[in-house]
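Visitor: First the structure, then my questions, so here it is.
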Amino acid sequence: MMHWPGDPPVKITRVLDIGHGDSHNLSQLTMGSHSGTHLDAPLHFIQGALSVDRMPLDAVIGPARVLEIEDKESVKPQELGHYHIGRGERILLKTLNSSRVWRLPAFTEDFVFITKEAAEMLAELKPALVGIDYLSVGGYRRGGSEVHRALLGNGIWILEGLDLSPVEPGDYDLICLPLRIENGDGAPARAVLRKVMK
Ligand SMILES: [Zn+2]
């Protein structure tokens with residue numbers, strides 16, 4: 001499974017196997033806490049800040065908006081400004097990443113990311129959650145730390161590694177529960193969108 005360069009790889013080993021005469025199947029999992037779809041807790045970038053086990057469930061369960069970002073390089077304030085993001089909203093950014101990066105066999109460095117300026121704008125708007133469709137909200141070579149700090153330092157939880165390729169932009173209910181890892185800086189999560197019936 002593809003992962004952020006330098007992070008521990010995902011390894012799943014069947015240590016007990018009915019096929020080999022054991023009474024049951026059981027696996028050992030080894031992975032970084034930011035593998036696949038995962039939540040970033042403020043503690044990821046800010047020492048002493050909230051850990052994933054202290055996340056308010058409101059951050060990841062409830063109405064969410066999927067916004068389509070057309071800019072091929074990055075999420076910029078101008079495009080984000082069209083959407084009038086409000087305080088406490090759950091915002092998922094569908095970029096060109098969704099149709100491209102998950103189909104590639106290796107990690108991609110030139111994924112669409114949130115610029116420092118757009119992160120500062122979000123820090124003022126204060127949505128409850130910002131999600132993006134690759135492994136980081138910040139760029140690979142620039143702005144990674146600043147973007148994380150701008151969001152996590154302003155009470156915005158981050159959901160990374162989303163695959164929004166089958167999802168149309170619009171209104172949904174988000175159901176997403178990261179593993180409740182004690183003092184965790186982040187945790188893998190299953191994220192599900194349910195269409196809002198009108
Ligand atoms: Zn992360």
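Note on naming: chains are A, B, ... as they come in the structure tokens, residues start from 1 per chain, ligands start from 1 in the order shown.
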Show me, as number ranges by chain, the residues that have an atom within 6 Å of A:Pro127 when counting only C-alpha atoms, minus same-chain residues fewer than 2 positions from it.
Guide: A: 87-89, 129
Visitor: Write a file of the selected residues as a compact mmCIF listing (two decimals), in the first residue's frame, keeping all heavy atoms.
Guide:
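Result went into again-v3.txt, see below:
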# COMPACT_ATOMS: atom_id res chain seq x y z
N ARG A 87 -18.30 28.86 9.81
CA ARG A 87 -17.75 28.31 11.05
C ARG A 87 -18.43 26.98 11.39
O ARG A 87 -19.64 26.85 11.27
CB ARG A 87 -17.99 29.34 12.16
CG ARG A 87 -17.51 28.94 13.53
CD ARG A 87 -17.81 30.03 14.55
NE ARG A 87 -16.81 31.08 14.51
CZ ARG A 87 -15.75 31.15 15.35
NH1 ARG A 87 -15.59 30.25 16.29
NH2 ARG A 87 -14.89 32.12 15.26
N GLY A 88 -17.64 26.01 11.77
CA GLY A 88 -18.18 24.73 12.21
C GLY A 88 -18.55 23.77 11.09
O GLY A 88 -18.96 22.64 11.35
N GLU A 89 -18.39 24.19 9.83
CA GLU A 89 -18.74 23.30 8.71
C GLU A 89 -17.72 22.17 8.57
O GLU A 89 -16.55 22.32 8.94
CB GLU A 89 -18.76 24.10 7.40
CG GLU A 89 -20.09 24.70 7.03
CD GLU A 89 -20.14 25.00 5.53
OE1 GLU A 89 -19.67 26.10 5.16
OE2 GLU A 89 -20.61 24.17 4.77
N LEU A 129 -13.82 20.87 10.25
CA LEU A 129 -13.01 19.82 9.63
C LEU A 129 -12.69 20.21 8.19
O LEU A 129 -13.54 20.76 7.48
CB LEU A 129 -13.81 18.51 9.61
CG LEU A 129 -13.16 17.31 8.91
CD1 LEU A 129 -12.15 16.63 9.84
CD2 LEU A 129 -14.21 16.28 8.48
Visitor: Any chance you could tabulate, as CSV, the residues of chain A at most 10 Å from ligand 1 with each one's nearest atom pair and distance in Å to one decimal, using only C-alpha atoms and all ligand atoms, in chain and rising number order?
Guide:
residue,atom,partner,partner_atom_place_in_ligand_line,distance
A:Trp4,CA,ligand 1,1 (Zn),9.2
A:Gly32,CA,ligand 1,1 (Zn),9.7
A:Ser33,CA,ligand 1,1 (Zn),7.8
A:His34,CA,ligand 1,1 (Zn),4.7
A:Ser35,CA,ligand 1,1 (Zn),7.7
A:Gly36,CA,ligand 1,1 (Zn),9.1
A:Thr37,CA,ligand 1,1 (Zn),8.7
A:His38,CA,ligand 1,1 (Zn),6.4
A:Leu39,CA,ligand 1,1 (Zn),6.2
A:Asp40,CA,ligand 1,1 (Zn),4.7
A:Ala41,CA,ligand 1,1 (Zn),8.1
A:His44,CA,ligand 1,1 (Zn),7.5
A:Phe45,CA,ligand 1,1 (Zn),9.7
A:Tyr134,CA,ligand 1,1 (Zn),9.7
A:Leu135,CA,ligand 1,1 (Zn),6.6
A:Ser136,CA,ligand 1,1 (Zn),6.0
A:Val137,CA,ligand 1,1 (Zn),8.1
A:Gly138,CA,ligand 1,1 (Zn),9.9
A:His148,CA,ligand 1,1 (Zn),8.8
A:Ile158,CA,ligand 1,1 (Zn),7.5
A:Leu159,CA,ligand 1,1 (Zn),7.4
A:Glu160,CA,ligand 1,1 (Zn),6.0
A:Gly161,CA,ligand 1,1 (Zn),8.2
A:Asp185,CA,ligand 1,1 (Zn),8.4
A:Gly186,CA,ligand 1,1 (Zn),6.5
A:Ala187,CA,ligand 1,1 (Zn),8.2
A:Pro188,CA,ligand 1,1 (Zn),9.2
Visitor: Grab the residues selected above and save them as a PDB file, in the first residue's frame with N, CA and C atoms.
Guide:
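Written output follows (result.pdb):
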ATOM      1  N   TRP A   4       3.176   7.839   2.624  1.00  0.00           N
ATOM      2  CA  TRP A   4       4.017   9.030   2.599  1.00  0.00           C
ATOM      3  C   TRP A   4       5.492   8.604   2.713  1.00  0.00           C
ATOM      4  N   GLY A  32       2.200   3.248  10.015  1.00  0.00           N
ATOM      5  CA  GLY A  32       2.277   4.573  10.606  1.00  0.00           C
ATOM      6  C   GLY A  32       0.884   5.028  10.984  1.00  0.00           C
ATOM      7  N   SER A  33       0.800   5.959  11.913  1.00  0.00           N
ATOM      8  CA  SER A  33      -0.529   6.415  12.349  1.00  0.00           C
ATOM      9  C   SER A  33      -1.212   7.279  11.290  1.00  0.00           C
ATOM     10  N   HIS A  34      -0.473   7.668  10.238  1.00  0.00           N
ATOM     11  CA  HIS A  34      -1.049   8.490   9.164  1.00  0.00           C
ATOM     12  C   HIS A  34      -1.089   7.708   7.849  1.00  0.00           C
ATOM     13  N   SER A  35      -1.529   6.460   7.922  1.00  0.00           N
ATOM     14  CA  SER A  35      -1.625   5.599   6.743  1.00  0.00           C
ATOM     15  C   SER A  35      -3.026   5.652   6.159  1.00  0.00           C
ATOM     16  N   GLY A  36      -3.093   5.594   4.828  1.00  0.00           N
ATOM     17  CA  GLY A  36      -4.392   5.546   4.152  1.00  0.00           C
ATOM     18  C   GLY A  36      -5.259   6.736   4.538  1.00  0.00           C
ATOM     19  N   THR A  37      -6.573   6.537   4.520  1.00  0.00           N
ATOM     20  CA  THR A  37      -7.472   7.587   4.990  1.00  0.00           C
ATOM     21  C   THR A  37      -7.268   7.716   6.494  1.00  0.00           C
ATOM     22  N   HIS A  38      -6.985   8.931   6.953  1.00  0.00           N
ATOM     23  CA  HIS A  38      -6.685   9.092   8.376  1.00  0.00           C
ATOM     24  C   HIS A  38      -6.995  10.503   8.854  1.00  0.00           C
ATOM     25  N   LEU A  39      -7.137  10.631  10.150  1.00  0.00           N
ATOM     26  CA  LEU A  39      -7.383  11.924  10.766  1.00  0.00           C
ATOM     27  C   LEU A  39      -6.089  12.438  11.399  1.00  0.00           C
ATOM     28  N   ASP A  40      -5.822  13.731  11.228  1.00  0.00           N
ATOM     29  CA  ASP A  40      -4.710  14.394  11.925  1.00  0.00           C
ATOM     30  C   ASP A  40      -5.267  15.068  13.170  1.00  0.00           C
ATOM     31  N   ALA A  41      -4.703  14.749  14.314  1.00  0.00           N
ATOM     32  CA  ALA A  41      -5.066  15.462  15.546  1.00  0.00           C
ATOM     33  C   ALA A  41      -4.153  16.683  15.680  1.00  0.00           C
ATOM     34  N   HIS A  44      -0.460  16.357  16.182  1.00  0.00           N
ATOM     35  CA  HIS A  44       0.436  15.984  15.078  1.00  0.00           C
ATOM     36  C   HIS A  44       1.514  17.062  14.855  1.00  0.00           C
ATOM     37  N   PHE A  45       1.127  18.316  14.992  1.00  0.00           N
ATOM     38  CA  PHE A  45       2.087  19.398  14.751  1.00  0.00           C
ATOM     39  C   PHE A  45       2.286  20.324  15.934  1.00  0.00           C
ATOM     40  N   TYR A 134      -5.685  13.562  -0.842  1.00  0.00           N
ATOM     41  CA  TYR A 134      -4.379  12.893  -0.895  1.00  0.00           C
ATOM     42  C   TYR A 134      -3.786  12.889   0.499  1.00  0.00           C
ATOM     43  N   LEU A 135      -2.544  12.478   0.615  1.00  0.00           N
ATOM     44  CA  LEU A 135      -2.007  12.151   1.934  1.00  0.00           C
ATOM     45  C   LEU A 135      -1.578  13.334   2.791  1.00  0.00           C
ATOM     46  N   SER A 136      -1.648  14.570   2.240  1.00  0.00           N
ATOM     47  CA  SER A 136      -1.341  15.736   3.058  1.00  0.00           C
ATOM     48  C   SER A 136      -2.135  16.948   2.594  1.00  0.00           C
ATOM     49  N   VAL A 137      -2.512  17.800   3.545  1.00  0.00           N
ATOM     50  CA  VAL A 137      -3.150  19.070   3.187  1.00  0.00           C
ATOM     51  C   VAL A 137      -2.119  20.049   2.624  1.00  0.00           C
ATOM     52  N   GLY A 138      -0.869  19.890   3.032  1.00  0.00           N
ATOM     53  CA  GLY A 138       0.190  20.782   2.579  1.00  0.00           C
ATOM     54  C   GLY A 138       0.960  20.172   1.426  1.00  0.00           C
ATOM     55  N   HIS A 148      -0.444  22.699   8.015  1.00  0.00           N
ATOM     56  CA  HIS A 148      -0.919  21.896   9.141  1.00  0.00           C
ATOM     57  C   HIS A 148      -1.102  22.763  10.389  1.00  0.00           C
ATOM     58  N   ILE A 158      -8.217  17.659  10.618  1.00  0.00           N
ATOM     59  CA  ILE A 158      -7.833  17.407   9.225  1.00  0.00           C
ATOM     60  C   ILE A 158      -8.064  15.941   8.879  1.00  0.00           C
ATOM     61  N   LEU A 159      -8.725  15.733   7.756  1.00  0.00           N
ATOM     62  CA  LEU A 159      -8.942  14.380   7.261  1.00  0.00           C
ATOM     63  C   LEU A 159      -8.170  14.254   5.949  1.00  0.00           C
ATOM     64  N   GLU A 160      -7.262  13.287   5.892  1.00  0.00           N
ATOM     65  CA  GLU A 160      -6.399  13.137   4.715  1.00  0.00           C
ATOM     66  C   GLU A 160      -6.546  11.746   4.116  1.00  0.00           C
ATOM     67  N   GLY A 161      -6.140  11.645   2.854  1.00  0.00           N
ATOM     68  CA  GLY A 161      -6.167  10.342   2.199  1.00  0.00           C
ATOM     69  C   GLY A 161      -7.552   9.919   1.737  1.00  0.00           C
ATOM     70  N   ASP A 185      -1.421  10.995  17.689  1.00  0.00           N
ATOM     71  CA  ASP A 185      -1.239  12.189  16.835  1.00  0.00           C
ATOM     72  C   ASP A 185      -2.109  12.115  15.591  1.00  0.00           C
ATOM     73  N   GLY A 186      -2.658  10.949  15.346  1.00  0.00           N
ATOM     74  CA  GLY A 186      -3.542  10.727  14.203  1.00  0.00           C
ATOM     75  C   GLY A 186      -3.965   9.278  14.229  1.00  0.00           C
ATOM     76  N   ALA A 187      -4.912   8.918  13.347  1.00  0.00           N
ATOM     77  CA  ALA A 187      -5.360   7.532  13.332  1.00  0.00           C
ATOM     78  C   ALA A 187      -6.058   7.216  12.018  1.00  0.00           C
ATOM     79  N   PRO A 188      -5.863   5.980  11.530  1.00  0.00           N
ATOM     80  CA  PRO A 188      -6.605   5.551  10.340  1.00  0.00           C
ATOM     81  C   PRO A 188      -8.100   5.628  10.605  1.00  0.00           C
TER      82      PRO A 188
END
Visitor: What parts of stretch 31-129 of chain A does DSSP call strand (DSSP E)? I'd like the answer as a list in words.
Guide: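 So the strand (DSSP E) residues in stretch 31-129 of chain A would be His38, Leu39, Asp40, Ile61, Gly62, Pro63, Ala64, Arg65, Val66, Leu67, Glu68, Ser74, Val75, Arg90, Ile91, Leu92, Leu93, Lys94, Phe113, Ile114 and Leu129 of chain A.
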Visitor: Please, which residues of stretch 42-193 of chain A, numbered as in this document, come out helix (DSSP H, G or I) from DSSP, as a ChimeraX atom specification?
Guide: /A:42-44,52-54,57-59,77-81,97-103,116-125,144-152
Visitor: So that I can check the surroundings of stretch 22-30 of chain A, please list as a VMD selection string every protein, DNA and RNA residue that reaches within 8 Å of it, counting only C-alpha atoms and ignoring chain neighbours fewer than 5 positions away.
Guide: chain A and resid 8 to 17
Visitor: Could you produce a table of the residues of stretch 61-84 of chain A lying within 9 Å of stretch 175-181 of chain A, with the nearest pair of atoms per residue and their separation in Å rounded to one decimal, using only C-alpha atoms, ordered by chain and increasing residue number, as JSON lines?
Guide:
{"residue": "A:Ile61", "atom": "CA", "partner": "A:Ile175", "partner_atom": "CA", "distance": 4.8}
{"residue": "A:Gly62", "atom": "CA", "partner": "A:Ile175", "partner_atom": "CA", "distance": 6.7}
{"residue": "A:Pro63", "atom": "CA", "partner": "A:Ile175", "partner_atom": "CA", "distance": 9.0}
